[in-house]
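Below is structure_5.cif, holding mmCIF, C-alpha atoms.
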```
data_final
loop_
_atom_site.label_atom_id
_atom_site.label_comp_id
_atom_site.auth_asym_id
_atom_site.auth_seq_id
_atom_site.Cartn_x
_atom_site.Cartn_y
_atom_site.Cartn_z
CA MET A 1 229.99 140.59 378.00
CA GLY A 2 232.79 138.50 379.44
CA GLU A 3 232.63 135.00 380.83
CA ARG A 4 229.38 133.24 381.34
CA SER A 5 229.66 133.81 385.09
CA SER A 6 229.30 137.54 384.58
CA GLN A 7 226.34 137.17 382.26
CA VAL A 8 222.88 138.37 383.15
CA GLU A 9 220.37 135.60 383.86
CA LEU A 10 216.66 136.00 383.25
CA LEU A 11 214.94 133.36 385.35
CA VAL A 12 211.41 132.42 384.33
CA CYS A 13 209.13 130.49 386.67
CA THR A 14 207.66 127.70 384.57
CA ARG A 15 205.12 126.66 387.22
CA CYS A 16 203.15 129.90 387.39
CA ARG A 17 199.43 129.52 386.85
CA ARG A 18 198.56 133.23 387.19
CA GLY A 19 196.25 132.20 389.98
CA ASP A 20 193.30 131.79 387.66
CA LEU A 21 193.72 128.28 386.37
CA PRO A 22 192.96 124.90 387.91
CA ASP A 23 195.72 122.59 389.06
CA GLY A 24 197.48 120.58 386.41
CA ASP A 25 200.71 120.50 384.51
CA CYS A 26 199.39 121.12 381.02
CA ASP A 27 200.13 124.35 379.25
CA ARG A 28 200.97 126.45 382.27
CA PRO A 29 201.23 130.19 381.61
CA GLY A 30 204.71 130.12 383.17
CA ALA A 31 205.90 127.49 380.72
CA ARG A 32 204.42 129.47 377.84
CA LEU A 33 206.15 132.61 379.12
CA PHE A 34 209.48 130.82 379.25
CA GLY A 35 209.10 129.72 375.63
CA ALA A 36 208.09 133.19 374.51
CA VAL A 37 210.95 134.89 376.35
CA ALA A 38 213.52 132.39 375.10
CA ALA A 39 212.33 133.11 371.56
CA LEU A 40 213.12 136.81 371.98
CA SER A 41 216.85 135.99 371.65
CA LEU A 42 217.80 138.76 374.06
CA ALA A 43 221.40 139.98 373.75
CA ASP A 44 223.83 139.17 376.57
CA VAL A 45 221.18 137.31 378.55
CA ARG A 46 220.79 133.67 379.47
CA VAL A 47 217.10 132.74 379.81
CA VAL A 48 216.74 130.02 382.43
CA PRO A 49 213.64 128.02 383.45
CA VAL A 50 213.06 127.65 387.19
CA GLU A 51 210.45 125.51 388.87
CA CYS A 52 208.77 127.93 391.24
CA LEU A 53 210.04 131.32 392.31
CA SER A 54 207.41 131.29 395.09
CA ASN A 55 205.46 134.26 393.83
CA CYS A 56 202.43 132.08 393.17
CA ASN A 57 199.81 134.72 393.99
CA ARG A 58 201.20 137.25 391.55
CA GLY A 59 202.55 135.19 388.64
CA CYS A 60 203.74 134.87 386.00
CA THR A 61 207.13 135.67 387.45
CA ILE A 62 210.64 136.45 386.29
CA ALA A 63 213.88 137.44 388.03
CA LEU A 64 216.86 139.33 386.66
CA ARG A 65 220.26 138.79 388.21
CA ALA A 66 224.00 138.68 387.66
CA PRO A 67 227.04 138.52 389.92
CA GLY A 68 227.64 141.92 391.50
CA ARG A 69 224.18 143.25 390.63
CA TRP A 70 220.94 143.70 392.51
CA THR A 71 218.45 140.91 391.79
CA TYR A 72 214.94 142.01 390.81
CA VAL A 73 211.77 139.90 390.83
CA TYR A 74 208.82 140.99 388.69
CA GLY A 75 205.33 139.54 388.64
CA GLU A 76 201.85 139.73 387.10
CA LEU A 77 203.37 139.00 383.71
CA ASP A 78 201.34 137.79 380.75
CA ASP A 79 203.09 135.60 378.21
CA GLY A 80 201.56 137.60 375.41
CA ALA A 81 200.98 141.18 376.51
CA ASP A 82 204.15 141.81 378.46
CA LEU A 83 206.94 140.64 376.18
CA ASP A 84 207.83 144.20 375.18
CA ALA A 85 208.19 145.17 378.84
CA ILE A 86 210.39 142.15 379.49
CA ARG A 87 212.58 142.91 376.47
CA ASP A 88 212.98 146.60 377.29
CA GLY A 89 213.37 146.10 381.04
CA THR A 90 215.96 143.40 380.54
CA ALA A 91 217.97 145.57 378.15
CA ALA A 92 217.99 148.37 380.73
CA TYR A 93 219.14 145.91 383.39
CA VAL A 94 221.92 144.59 381.16
CA ALA A 95 223.12 148.16 380.64
CA ALA A 96 223.20 148.91 384.39
CA PRO A 97 226.48 147.62 385.90
CA ASP A 98 224.94 147.31 389.37
CA GLY A 99 221.48 146.30 388.18
CA LEU A 100 219.92 149.53 389.43
CA VAL A 101 217.83 151.00 386.64
CA PRO A 102 216.46 154.52 387.27
CA TRP A 103 212.72 154.52 387.88
CA ARG A 104 211.95 156.58 384.78
CA ASP A 105 213.84 154.15 382.58
CA ARG A 106 211.87 151.09 383.66
CA PRO A 107 208.90 149.85 381.63
CA ALA A 108 205.56 150.73 383.25
CA HIS A 109 204.87 147.09 384.04
CA PHE A 110 208.16 146.76 385.92
CA ARG A 111 207.42 149.93 387.90
CA LYS A 112 204.06 148.63 389.03
CA ASN A 113 204.88 144.98 389.59
CA CYS A 114 208.22 144.74 391.33
CA ILE A 115 207.81 141.88 393.80
CA ALA A 116 211.16 142.17 395.58
CA ARG A 117 214.80 143.07 395.08
CA ILE A 118 217.92 141.69 396.74
CA PRO A 119 221.30 143.43 396.99
CA PRO A 120 224.33 141.75 395.48
CA MET A 121 226.23 139.31 397.66
CA GLY A 122 229.27 140.61 399.47
CA THR A 123 228.45 144.30 399.31
CA LEU A 124 226.82 144.88 402.68
CA MET B 125 230.31 128.10 410.42
CA GLY B 126 233.40 128.86 408.40
CA GLU B 127 234.45 132.16 406.86
CA ARG B 128 232.19 135.12 406.83
CA SER B 129 231.58 134.62 403.11
CA SER B 130 229.77 131.37 403.86
CA GLN B 131 227.69 132.87 406.63
CA VAL B 132 223.95 133.22 406.41
CA GLU B 133 222.72 136.81 406.05
CA LEU B 134 219.34 137.94 407.34
CA LEU B 135 218.52 141.14 405.47
CA VAL B 136 215.93 143.42 407.06
CA CYS B 137 214.28 146.22 405.09
CA THR B 138 214.49 149.28 407.30
CA ARG B 139 212.20 151.39 405.11
CA CYS B 140 209.06 149.26 405.42
CA ARG B 141 206.01 151.13 406.59
CA ARG B 142 203.62 148.14 406.56
CA GLY B 143 201.45 150.14 404.20
CA ASP B 144 199.43 151.64 407.01
CA LEU B 145 201.51 154.61 408.05
CA PRO B 146 201.93 158.07 406.53
CA ASP B 147 205.16 159.06 404.83
CA GLY B 148 208.03 160.06 407.06
CA ASP B 149 211.28 158.71 408.34
CA CYS B 150 210.45 158.55 412.05
CA ASP B 151 210.11 155.23 413.76
CA ARG B 152 209.45 153.09 410.73
CA PRO B 153 208.24 149.57 411.47
CA GLY B 154 211.10 148.25 409.32
CA ALA B 155 213.70 150.04 411.42
CA ARG B 156 212.07 148.74 414.58
CA LEU B 157 212.08 145.23 413.13
CA PHE B 158 215.79 145.48 412.35
CA GLY B 159 216.53 146.49 415.92
CA ALA B 160 214.40 143.70 417.34
CA VAL B 161 215.93 141.05 415.09
CA ALA B 162 219.47 142.22 415.76
CA ALA B 163 218.74 141.92 419.48
CA LEU B 164 217.85 138.24 419.06
CA SER B 165 221.57 137.43 418.69
CA LEU B 166 220.86 134.61 416.26
CA ALA B 167 223.63 132.01 415.98
CA ASP B 168 225.64 131.86 412.76
CA VAL B 169 223.67 134.71 411.20
CA ARG B 170 224.66 138.21 410.22
CA VAL B 171 221.70 140.60 410.51
CA VAL B 172 222.03 143.33 407.89
CA PRO B 173 219.91 146.47 407.35
CA VAL B 174 218.88 147.20 403.77
CA GLU B 175 217.14 150.29 402.48
CA CYS B 176 214.20 148.86 400.56
CA LEU B 177 213.75 145.30 399.42
CA SER B 178 210.92 146.54 397.14
CA ASN B 179 208.17 144.58 398.84
CA CYS B 180 206.49 147.78 399.95
CA ASN B 181 202.91 146.51 399.72
CA ARG B 182 203.54 143.53 401.96
CA GLY B 183 206.11 144.74 404.53
CA CYS B 184 207.77 144.41 406.88
CA THR B 185 210.21 142.35 404.88
CA ILE B 186 213.24 140.15 405.42
CA ALA B 187 215.41 137.98 403.18
CA LEU B 188 217.55 134.98 404.07
CA ARG B 189 220.53 134.13 401.91
CA ALA B 190 224.01 132.66 401.78
CA PRO B 191 226.40 131.64 399.01
CA GLY B 192 225.24 128.35 397.50
CA ARG B 193 221.76 128.52 399.02
CA TRP B 194 218.34 129.53 397.77
CA THR B 195 217.40 133.09 398.80
CA TYR B 196 213.98 133.50 400.43
CA VAL B 197 212.02 136.73 400.89
CA TYR B 198 209.31 136.86 403.57
CA GLY B 199 206.80 139.63 404.18
CA GLU B 200 203.88 140.83 406.32
CA LEU B 201 206.15 140.74 409.36
CA ASP B 202 205.37 142.56 412.58
CA ASP B 203 208.29 143.72 414.68
CA GLY B 204 206.59 142.42 417.79
CA ALA B 205 204.39 139.44 416.96
CA ASP B 206 206.62 137.63 414.49
CA LEU B 207 210.00 137.46 416.18
CA ASP B 208 209.49 133.82 417.14
CA ALA B 209 208.76 132.93 413.53
CA ILE B 210 211.86 134.80 412.38
CA ARG B 211 214.04 133.09 414.98
CA ASP B 212 212.74 129.58 414.24
CA GLY B 213 212.61 130.03 410.48
CA THR B 214 216.13 131.41 410.40
CA ALA B 215 217.46 128.51 412.47
CA ALA B 216 215.87 126.04 410.06
CA TYR B 217 217.44 127.91 407.13
CA VAL B 218 220.87 127.89 408.77
CA ALA B 219 220.55 124.12 409.21
CA ALA B 220 219.67 123.54 405.54
CA PRO B 221 222.85 123.43 403.43
CA ASP B 222 220.99 124.46 400.27
CA GLY B 223 218.53 126.77 402.02
CA LEU B 224 215.57 124.54 401.19
CA VAL B 225 213.58 123.94 404.36
CA PRO B 226 210.81 121.34 404.11
CA TRP B 227 207.35 122.90 404.18
CA ARG B 228 206.35 121.23 407.43
CA ASP B 229 209.46 122.58 409.17
CA ARG B 230 208.76 126.23 408.35
CA PRO B 231 206.98 128.49 410.83
CA ALA B 232 203.35 129.14 409.87
CA HIS B 233 204.08 132.77 409.08
CA PHE B 234 206.83 131.78 406.65
CA ARG B 235 204.50 129.28 404.94
CA LYS B 236 201.84 131.89 404.37
CA ASN B 237 203.99 134.90 403.54
CA CYS B 238 206.76 133.81 401.22
CA ILE B 239 207.13 136.67 398.76
CA ALA B 240 209.69 135.09 396.42
CA ARG B 241 212.65 132.76 396.28
CA ILE B 242 215.73 132.79 394.05
CA PRO B 243 217.97 129.82 393.26
CA PRO B 244 221.67 130.04 394.17
CA MET B 245 223.96 131.56 391.60
CA GLY B 246 225.84 129.20 389.32
CA THR B 247 223.61 126.18 389.75
CA LEU B 248 221.31 126.46 386.74
#
```

structure tokens encoding of this file:
Amino acid sequence: MGERSSQVELLVCTRCRRGDLPDGDCDRPGARLFGAVAALSLADVRVVPVECLSNCNRGCTIALRAPGRWTYVYGELDDGADLDAIRDGTAAYVAAPDGLVPWRDRPAHFRKNCIARIPPMGTL
Amino acid sequence: MGERSSQVELLVCTRCRRGDLPDGDCDRPGARLFGAVAALSLADVRVVPVECLSNCNRGCTIALRAPGRWTYVYGELDDGADLDAIRDGTAAYVAAPDGLVPWRDRPAHFRKNCIARIPPMGTL
């Protein structure tokens, strides 16, 4: 990878409650997911905490993005069960210059729980 | 507004079927929504068709974005009933330099049907 500006960012919503927990700031699933993903030490990826990606009904939530690539938002993530999907799906995204990973090459969880995608700026 | 690069873009998914129509390319609700939104002639906004914003379960779908602003994705839009919400919500977004519109200033449909939001690039 080149400069930091061209690096892939993996945004993790630290406020996600997965919809099944009472209000409160303690031990949110989103915060746990951020810690777990940061600990993966993914190559060529900057893991960034974000307070609310506004996918509250289908958290936990991440987004993958980089300049010149499509941005993808994924939801329904569990901080324990879905770390393999996040690792594999992120690696496929890093390897795709435009961020478009063929359907068959996406982890099953990413196929089933894509919340939205946004085209890169300046290409339309 | 200044150069085109600083202009707000309103992306409209032209493939949305609202989940309630059979497969086929004829007269998709998303395509109708694009036509209706383009006809609004919104000030300081470029209305752009996009083939699939991957919010297929909760279409029709739009996204608002501009360099330096938060990107917002909204869903469950009807090409007839929700044009007022799109017009008012877009105007509020255009007026917000960072794209963050206070909750009380958002149209009711936008409050209830925010699919996701993404922070501006380079700010985290």

If we count all atoms listed in the file, which residues of chain B reach to within 9 Å of chain A? Please list them as number ranges by chain. B: 129, 135, 172-174, 176-181, 187, 189-191, 195-197, 238-243, 245-246, 248

At most 12 Å from (221.8, 124.5, 408.5), file frame, only C-alpha atoms: which residues, as a PyMOL selection string? chain B and resi 125+130-132+167-169+189-190+193+212-225

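Reported to one decimal place, the separation of CA of Cys60 (chain A) from CA of Arg228 (chain B) is 25.5 Å.
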
Report, in Å to a single decimal, how far apart CA of Pro29 (chain A) and CA of Leu77 (chain A) are. 9.3 Å

CA of Ala232 (chain B) and CA of Asp203 (chain B) are how many Å apart?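 Between CA of Ala232 (chain B) and CA of Asp203 (chain B) the gap is 16.1 Å.
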